[in-house]
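Quick notes on the structure that follows.
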Amino acid sequence: NTPKPLAGKRAIVTSGPTREDIDPVRYISNHSSGKQGHAIAAALAQAGAEVLLVSGPVSIPDPHDVTVVNVICAVDMQQAVDRALPADIAVFVAAVADWRVDSQASEKIKKDKSGKPPALSMIENPDILAGVGNGKKRPALVVGFAAETENVVDHARAKLAKKGADWIVANDVSEENNVFGGDANTVRLISAHDDEAWPKMSKEDVAAKLVERIAQRFETVSV
Ligand code: C5P
C-alpha cells in the first residue's frame with residue numbers, strides 16, 4: 001500500500017518531441033526519447049494523481065495507469081493540452097519544435113536541377129507552456145523544463161518569468177552529459193527564490209524526486 005499524496009489531483013504532462021511536416025515524406029523534429037516525461041507521468045500516477053499524458057511520437061511504452069493522448073505536431077499538442085484543462089498540476093517536458101514550415105507541401109518537394117536547396121519559410125509554433133502558465137485556466141502548479149547548453153540557471157530564471165511557471169527543471173544537455181536518449185539526467189530545480197542542484201540520477205529517480213516535491217507543495221500550501 002504505497003501512500004497516495006496526490007489522490008484527487010489532476011495532472012497533465014507533455015512528453016516526447018513534436019514532429020512538423022515539411023512535405024509528405026520529410027519533417028523537422030527535436031531530439032527527445034520521451035523517457036523523462038513518461039517517467040514523470042508514471043510517478044504522478046503512482047502518487048495517486050489522475051494523469052493525462054500528451055505525447056509526441058516516441059518509441060517507448062505508455063506508462064501504467066495514465067491516460068495517453070498521442071499527437072504529432074505542436075499545434076495538436078497545444079489543442080490536446082487545452083482540452084485537458086482544468087488541472088491542478090501541469091508538467092511540460094515535451095521538446096516542442098519552435099518552428100514549423102508555414103505551408104506544408106502537399107507533394108514531395110523535388111530536387112532542383114541546378115542543385116539549389118529549397119528555401120523553407122518557417123513560422124513560430126505556439127509556446128504551450130507559456131499559454132497555460134499565463135492563461136486563465138492556469139493550474140495551481142506549473143512546471144517547465146529547460147534544456148540548456150550554457151548559463152543554465154540564468155536562462156532558466158528568465159524562462160520562469162516569461163512562461164508563468166512556478167518551477168523550471170533545468171538540465172545541462174551539453175554533449176558530455178549524454179542526456180538525449182540516455183537514462184540519466186543531471187538537473188537543477190529552480191523557482192523564483194530557490195535553486196537546488198540534484199546529483200546525477202536516473203530519469204526515474206528525477207521523476208520520483210520531482211513528484212515528492214510536488215506532493216510536499218500540495219501539503220504545505222493549500223491550493
Ligand atoms: O523555450 P524553451 O523551449 O527552452 O522552453 C522549454 C519549456 O517550454 C519546456 O517545458 C517545454 O516543454 C516548453 N515548451 C512548450 N511549447 C513550446 C516550446 C517549449 O510547451 N513551443
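Naming works like this for the C-alpha cells: A, B, ... for the chains as they're shown, residue 1 at the start of each chain, ligands 1 onward in shown order.
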
How would you write, as a PDB file with N, CA, C and O atoms, in the first residue's frame, the set of residues no farther than 7 Å from ligand 1 when counting only C-alpha atoms and all ligand atoms?
ATOM      1  N   THR A  14       3.277  16.823 -20.645  1.00  0.00           N
ATOM      2  CA  THR A  14       3.627  16.679 -22.062  1.00  0.00           C
ATOM      3  C   THR A  14       4.988  15.992 -22.147  1.00  0.00           C
ATOM      4  O   THR A  14       5.838  16.178 -21.279  1.00  0.00           O
ATOM      5  N   ALA A  74       3.116  20.386 -32.845  1.00  0.00           N
ATOM      6  CA  ALA A  74       2.934  21.306 -31.724  1.00  0.00           C
ATOM      7  C   ALA A  74       1.498  21.830 -31.625  1.00  0.00           C
ATOM      8  O   ALA A  74       0.946  21.934 -30.533  1.00  0.00           O
ATOM      9  N   PHE A  92       5.469  20.327 -18.153  1.00  0.00           N
ATOM     10  CA  PHE A  92       5.753  20.409 -19.592  1.00  0.00           C
ATOM     11  C   PHE A  92       7.164  19.893 -19.862  1.00  0.00           C
ATOM     12  O   PHE A  92       8.135  20.602 -19.609  1.00  0.00           O
ATOM     13  N   VAL A  93       7.230  18.671 -20.317  1.00  0.00           N
ATOM     14  CA  VAL A  93       8.533  18.048 -20.539  1.00  0.00           C
ATOM     15  C   VAL A  93       8.824  17.908 -22.031  1.00  0.00           C
ATOM     16  O   VAL A  93       9.949  17.675 -22.440  1.00  0.00           O
ATOM     17  N   ALA A  94       7.794  18.042 -22.847  1.00  0.00           N
ATOM     18  CA  ALA A  94       7.966  17.817 -24.290  1.00  0.00           C
ATOM     19  C   ALA A  94       8.998  18.759 -24.889  1.00  0.00           C
ATOM     20  O   ALA A  94       9.111  19.927 -24.487  1.00  0.00           O
ATOM     21  N   ALA A  95       9.750  18.250 -25.846  1.00  0.00           N
ATOM     22  CA  ALA A  95      10.673  19.064 -26.638  1.00  0.00           C
ATOM     23  C   ALA A  95       9.898  19.509 -27.877  1.00  0.00           C
ATOM     24  O   ALA A  95       9.875  18.828 -28.902  1.00  0.00           O
ATOM     25  N   VAL A  96       9.212  20.638 -27.704  1.00  0.00           N
ATOM     26  CA  VAL A  96       8.339  21.128 -28.768  1.00  0.00           C
ATOM     27  C   VAL A  96       9.192  21.839 -29.826  1.00  0.00           C
ATOM     28  O   VAL A  96      10.069  22.636 -29.481  1.00  0.00           O
ATOM     29  N   ALA A  97       8.924  21.557 -31.093  1.00  0.00           N
ATOM     30  CA  ALA A  97       9.652  22.261 -32.158  1.00  0.00           C
ATOM     31  C   ALA A  97       9.279  23.740 -32.105  1.00  0.00           C
ATOM     32  O   ALA A  97       8.098  24.084 -32.018  1.00  0.00           O
ATOM     33  N   ASP A  98      10.254  24.595 -32.117  1.00  0.00           N
ATOM     34  CA  ASP A  98       9.962  26.026 -32.024  1.00  0.00           C
ATOM     35  C   ASP A  98       9.314  26.569 -33.288  1.00  0.00           C
ATOM     36  O   ASP A  98       8.558  27.532 -33.229  1.00  0.00           O
ATOM     37  N   ASN A 125       5.896  28.210 -33.694  1.00  0.00           N
ATOM     38  CA  ASN A 125       4.855  27.400 -33.083  1.00  0.00           C
ATOM     39  C   ASN A 125       4.349  28.079 -31.814  1.00  0.00           C
ATOM     40  O   ASN A 125       5.063  28.888 -31.218  1.00  0.00           O
ATOM     41  N   PRO A 126       3.137  27.727 -31.378  1.00  0.00           N
ATOM     42  CA  PRO A 126       2.671  28.268 -30.096  1.00  0.00           C
ATOM     43  C   PRO A 126       3.556  27.750 -28.970  1.00  0.00           C
ATOM     44  O   PRO A 126       4.026  26.611 -29.019  1.00  0.00           O
ATOM     45  N   ASP A 127       3.822  28.577 -27.969  1.00  0.00           N
ATOM     46  CA  ASP A 127       4.511  28.109 -26.762  1.00  0.00           C
ATOM     47  C   ASP A 127       3.426  27.572 -25.822  1.00  0.00           C
ATOM     48  O   ASP A 127       2.655  28.336 -25.240  1.00  0.00           O
ATOM     49  N   ILE A 128       3.377  26.266 -25.716  1.00  0.00           N
ATOM     50  CA  ILE A 128       2.274  25.614 -24.993  1.00  0.00           C
ATOM     51  C   ILE A 128       2.361  25.929 -23.505  1.00  0.00           C
ATOM     52  O   ILE A 128       1.368  26.303 -22.870  1.00  0.00           O
ATOM     53  N   LEU A 129       3.559  25.811 -22.959  1.00  0.00           N
ATOM     54  CA  LEU A 129       3.761  26.134 -21.536  1.00  0.00           C
ATOM     55  C   LEU A 129       3.385  27.589 -21.245  1.00  0.00           C
ATOM     56  O   LEU A 129       2.640  27.869 -20.299  1.00  0.00           O
ATOM     57  N   ALA A 130       3.863  28.523 -22.048  1.00  0.00           N
ATOM     58  CA  ALA A 130       3.575  29.934 -21.784  1.00  0.00           C
ATOM     59  C   ALA A 130       2.072  30.199 -21.858  1.00  0.00           C
ATOM     60  O   ALA A 130       1.529  30.980 -21.061  1.00  0.00           O
ATOM     61  N   VAL A 143       4.981  23.472 -14.032  1.00  0.00           N
ATOM     62  CA  VAL A 143       6.410  23.137 -14.059  1.00  0.00           C
ATOM     63  C   VAL A 143       6.874  23.016 -15.502  1.00  0.00           C
ATOM     64  O   VAL A 143       6.233  22.343 -16.314  1.00  0.00           O
ATOM     65  N   GLY A 144       7.977  23.694 -15.822  1.00  0.00           N
ATOM     66  CA  GLY A 144       8.554  23.574 -17.151  1.00  0.00           C
ATOM     67  C   GLY A 144       9.916  22.926 -17.079  1.00  0.00           C
ATOM     68  O   GLY A 144      10.501  22.793 -15.999  1.00  0.00           O
ATOM     69  N   PHE A 145      10.422  22.531 -18.208  1.00  0.00           N
ATOM     70  CA  PHE A 145      11.783  22.029 -18.324  1.00  0.00           C
ATOM     71  C   PHE A 145      12.586  23.003 -19.177  1.00  0.00           C
ATOM     72  O   PHE A 145      12.014  23.709 -20.014  1.00  0.00           O
ATOM     73  N   ALA A 146      13.868  23.044 -18.967  1.00  0.00           N
ATOM     74  CA  ALA A 146      14.704  23.862 -19.829  1.00  0.00           C
ATOM     75  C   ALA A 146      15.969  23.082 -20.137  1.00  0.00           C
ATOM     76  O   ALA A 146      16.739  22.763 -19.234  1.00  0.00           O
ATOM     77  N   ALA A 147      16.125  22.739 -21.378  1.00  0.00           N
ATOM     78  CA  ALA A 147      17.358  22.085 -21.808  1.00  0.00           C
ATOM     79  C   ALA A 147      18.293  23.177 -22.266  1.00  0.00           C
ATOM     80  O   ALA A 147      17.982  23.922 -23.186  1.00  0.00           O
ATOM     81  N   LYS A 159      13.191  32.062 -18.056  1.00  0.00           N
ATOM     82  CA  LYS A 159      12.062  31.283 -18.553  1.00  0.00           C
ATOM     83  C   LYS A 159      10.905  31.217 -17.561  1.00  0.00           C
ATOM     84  O   LYS A 159       9.739  31.241 -17.940  1.00  0.00           O
TER      85      LYS A 159
END

| request: With a distance cut-off of 10 Å and only C-alpha atoms, select the neighbouring residues of range 195-200 of chain A, excluding the residue or stretch itself and same-chain residues fewer than 6 positions from it, and output the selection as a list of chain:residue names. | output: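 So, after excluding close chain neighbours, the residues are A:Val153, A:Arg157, A:Trp167, A:Ile168, A:Val169, A:Ala170, A:Asn171, A:Asn177, A:Ala184, A:Asn185, A:Thr186, A:Val187, A:Arg188, A:Leu189, A:Val206, A:Lys209.
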
| query | Ala140 in chain A: which residues within 9 Å, counting only C-alpha atoms, same-chain residues fewer than 3 positions away excluded, as an MDAnalysis selection string? | reply | chainID A and resid 87:90 166 223

Same residues, C-alpha atoms, saved as a PDB file, in the first residue's frame:
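The resulting again-v9.pdb:
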ATOM      1  CA  ALA A  87      -5.944  20.582 -13.844  1.00  0.00           C
ATOM      2  CA  ASP A  88      -4.124  21.030 -10.547  1.00  0.00           C
ATOM      3  CA  ILE A  89      -0.666  20.233 -11.875  1.00  0.00           C
ATOM      4  CA  ALA A  90       0.901  20.623 -15.328  1.00  0.00           C
ATOM      5  CA  ASP A 166       6.377  28.078 -10.762  1.00  0.00           C
ATOM      6  CA  VAL A 223      -4.035  25.287  -3.335  1.00  0.00           C
TER       7      VAL A 223
END

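In this model, the gap between CA of Val13 in chain A and CA of Asp172 in chain A comes to 20.9 Å.
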
| task | Could you tell me, as JSON, numbers by chain, which residues of range 46-198 of chain A DSSP assigns to alpha helix (DSSP H) when given the backbone? | result | {"A": [46, 74, 75, 76, 77, 78, 79, 80, 81, 82, 83, 84, 128, 129, 130, 131, 132, 133, 152, 153, 154, 155, 156, 157, 158, 159, 160, 161, 162, 163]}

| request: Can you work out which one of A:Gly164, A:Ala47, A:Trp99, A:Asp154 has the shortest atom-to-atom distance to Ile190 in chain A, counting only C-alpha atoms? | output: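 Counting only C-alpha atoms, the residue closest to Ile190 in chain A is A:Asp154.
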
| query | What lies within 8 Å of Arg19 in chain A using only C-alpha atoms, ignoring chain neighbours under 2 positions off, as number ranges by chain? | reply | A: 17, 21, 27-30, 56-57, 72-74, 97

Based on the selection just made, write N, CA, C and O atoms of those residues as a PDB file, in the first residue's frame.
ATOM      1  N   PRO A  17       9.060  14.455 -28.434  1.00  0.00           N
ATOM      2  CA  PRO A  17       9.282  15.561 -29.369  1.00  0.00           C
ATOM      3  C   PRO A  17       7.963  15.924 -30.047  1.00  0.00           C
ATOM      4  O   PRO A  17       6.958  15.235 -29.854  1.00  0.00           O
ATOM      5  N   ASP A  21       5.726  18.462 -40.224  1.00  0.00           N
ATOM      6  CA  ASP A  21       5.907  18.019 -41.610  1.00  0.00           C
ATOM      7  C   ASP A  21       6.373  19.148 -42.527  1.00  0.00           C
ATOM      8  O   ASP A  21       5.907  20.288 -42.413  1.00  0.00           O
ATOM      9  N   TYR A  27      10.265  15.765 -42.383  1.00  0.00           N
ATOM     10  CA  TYR A  27       9.807  16.544 -41.232  1.00  0.00           C
ATOM     11  C   TYR A  27      10.974  17.137 -40.470  1.00  0.00           C
ATOM     12  O   TYR A  27      12.120  16.747 -40.655  1.00  0.00           O
ATOM     13  N   ILE A  28      10.651  18.081 -39.594  1.00  0.00           N
ATOM     14  CA  ILE A  28      11.612  18.685 -38.664  1.00  0.00           C
ATOM     15  C   ILE A  28      11.199  18.231 -37.267  1.00  0.00           C
ATOM     16  O   ILE A  28      10.006  18.214 -36.946  1.00  0.00           O
ATOM     17  N   SER A  29      12.171  17.874 -36.457  1.00  0.00           N
ATOM     18  CA  SER A  29      11.822  17.433 -35.106  1.00  0.00           C
ATOM     19  C   SER A  29      12.940  17.778 -34.132  1.00  0.00           C
ATOM     20  O   SER A  29      13.896  18.475 -34.502  1.00  0.00           O
ATOM     21  N   ASN A  30      12.806  17.335 -32.906  1.00  0.00           N
ATOM     22  CA  ASN A  30      13.808  17.574 -31.872  1.00  0.00           C
ATOM     23  C   ASN A  30      14.276  16.242 -31.312  1.00  0.00           C
ATOM     24  O   ASN A  30      13.529  15.278 -31.337  1.00  0.00           O
ATOM     25  N   GLY A  56       4.184  13.322 -27.923  1.00  0.00           N
ATOM     26  CA  GLY A  56       4.582  13.323 -29.318  1.00  0.00           C
ATOM     27  C   GLY A  56       5.059  11.929 -29.694  1.00  0.00           C
ATOM     28  O   GLY A  56       4.994  11.006 -28.877  1.00  0.00           O
ATOM     29  N   PRO A  57       5.544  11.751 -30.935  1.00  0.00           N
ATOM     30  CA  PRO A  57       5.938  10.415 -31.394  1.00  0.00           C
ATOM     31  C   PRO A  57       7.163   9.884 -30.640  1.00  0.00           C
ATOM     32  O   PRO A  57       8.237  10.460 -30.728  1.00  0.00           O
ATOM     33  N   ILE A  72       1.122  14.483 -32.998  1.00  0.00           N
ATOM     34  CA  ILE A  72       2.313  14.571 -33.845  1.00  0.00           C
ATOM     35  C   ILE A  72       2.965  15.952 -33.716  1.00  0.00           C
ATOM     36  O   ILE A  72       4.131  16.059 -33.383  1.00  0.00           O
ATOM     37  N   CYS A  73       2.201  16.998 -33.977  1.00  0.00           N
ATOM     38  CA  CYS A  73       2.826  18.324 -34.094  1.00  0.00           C
ATOM     39  C   CYS A  73       2.437  19.227 -32.917  1.00  0.00           C
ATOM     40  O   CYS A  73       1.571  18.908 -32.110  1.00  0.00           O
ATOM     41  N   ALA A  74       3.116  20.386 -32.845  1.00  0.00           N
ATOM     42  CA  ALA A  74       2.934  21.306 -31.724  1.00  0.00           C
ATOM     43  C   ALA A  74       1.498  21.830 -31.625  1.00  0.00           C
ATOM     44  O   ALA A  74       0.946  21.934 -30.533  1.00  0.00           O
ATOM     45  N   ALA A  97       8.924  21.557 -31.093  1.00  0.00           N
ATOM     46  CA  ALA A  97       9.652  22.261 -32.158  1.00  0.00           C
ATOM     47  C   ALA A  97       9.279  23.740 -32.105  1.00  0.00           C
ATOM     48  O   ALA A  97       8.098  24.084 -32.018  1.00  0.00           O
TER      49      ALA A  97
END

Neighbour list for Pro86 in chain A as a compact mmCIF listing (two decimals) with C-alpha atoms, in the first residue's frame, cut-off 8 Å, only C-alpha atoms, skip fewer than 4 positions in-chain:
# COMPACT_ATOMS: atom_id res chain seq x y z
CA LYS A 137 -7.16 28.21 -16.54
CA ARG A 138 -3.68 28.10 -15.03
CA PRO A 139 -3.18 25.03 -12.84

| A:Val173, A:Ser103, A:Arg83, A:Val66: which is nearest His31 in chain A, counting only C-alpha atoms? | A:Val173

| request: Name all residues at most 12 Å from Ala43 in chain A (count only C-alpha atoms; drop same-chain ones fewer than 5 positions away) and give them as a PyMOL selection string. | output: chain A and resi 2+4-6+11+13+36-38+48-51+53+63-66+91+203-215

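Using only C-alpha atoms, the nearest neighbour of Ile40 in chain A within the list A:Ser121, A:Ser55, A:Thr149, A:Ser15 is A:Ser15.
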
| message | Using Å and a single decimal, report how far CA of Val152 in chain A sits from CA of Ala42 in chain A. | response |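 We find that CA of Ala42 in chain A and CA of Val152 in chain A lie 26.6 Å from each other.
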
| said: List the spatial neighbours of Met122 in chain A as a list in words - criterion: any atom at most 7 Å away, only C-alpha atoms, same-chain residues fewer than 4 positions off excluded. | reply: Trp99, Arg100, Val101 and Asp102 of chain A

| task | Could you find all residues in chain A that DSSP calls strand (DSSP E) from the backbone, and write them as a PyMOL selection string? | result | chain A and resi 10-15+19-23+26-29+50-55+67-70+89-92+99-101+122-124+141-148+167-172+184-185+187-191+195-197+201-202

| Just how far from CA of Val54 in chain A is CA of Val68 in chain A, in Å to one decimal? |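 Result for CA of Val68 in chain A versus CA of Val54 in chain A: 6.0 Å, one decimal.
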
| request: May I ask which of the residues A:Ala7, A:Ile12, A:Ala192, A:Ala105 is the closest one to Ala161 in chain A, counting only C-alpha atoms? | output: A:Ala192

| field | Residue nearest Ala119 in chain A - candidates A:Ser33, A:Pro3, A:Ile22, A:Glu150, atoms counted: only C-alpha atoms | value |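 Closest candidate: A:Ile22.
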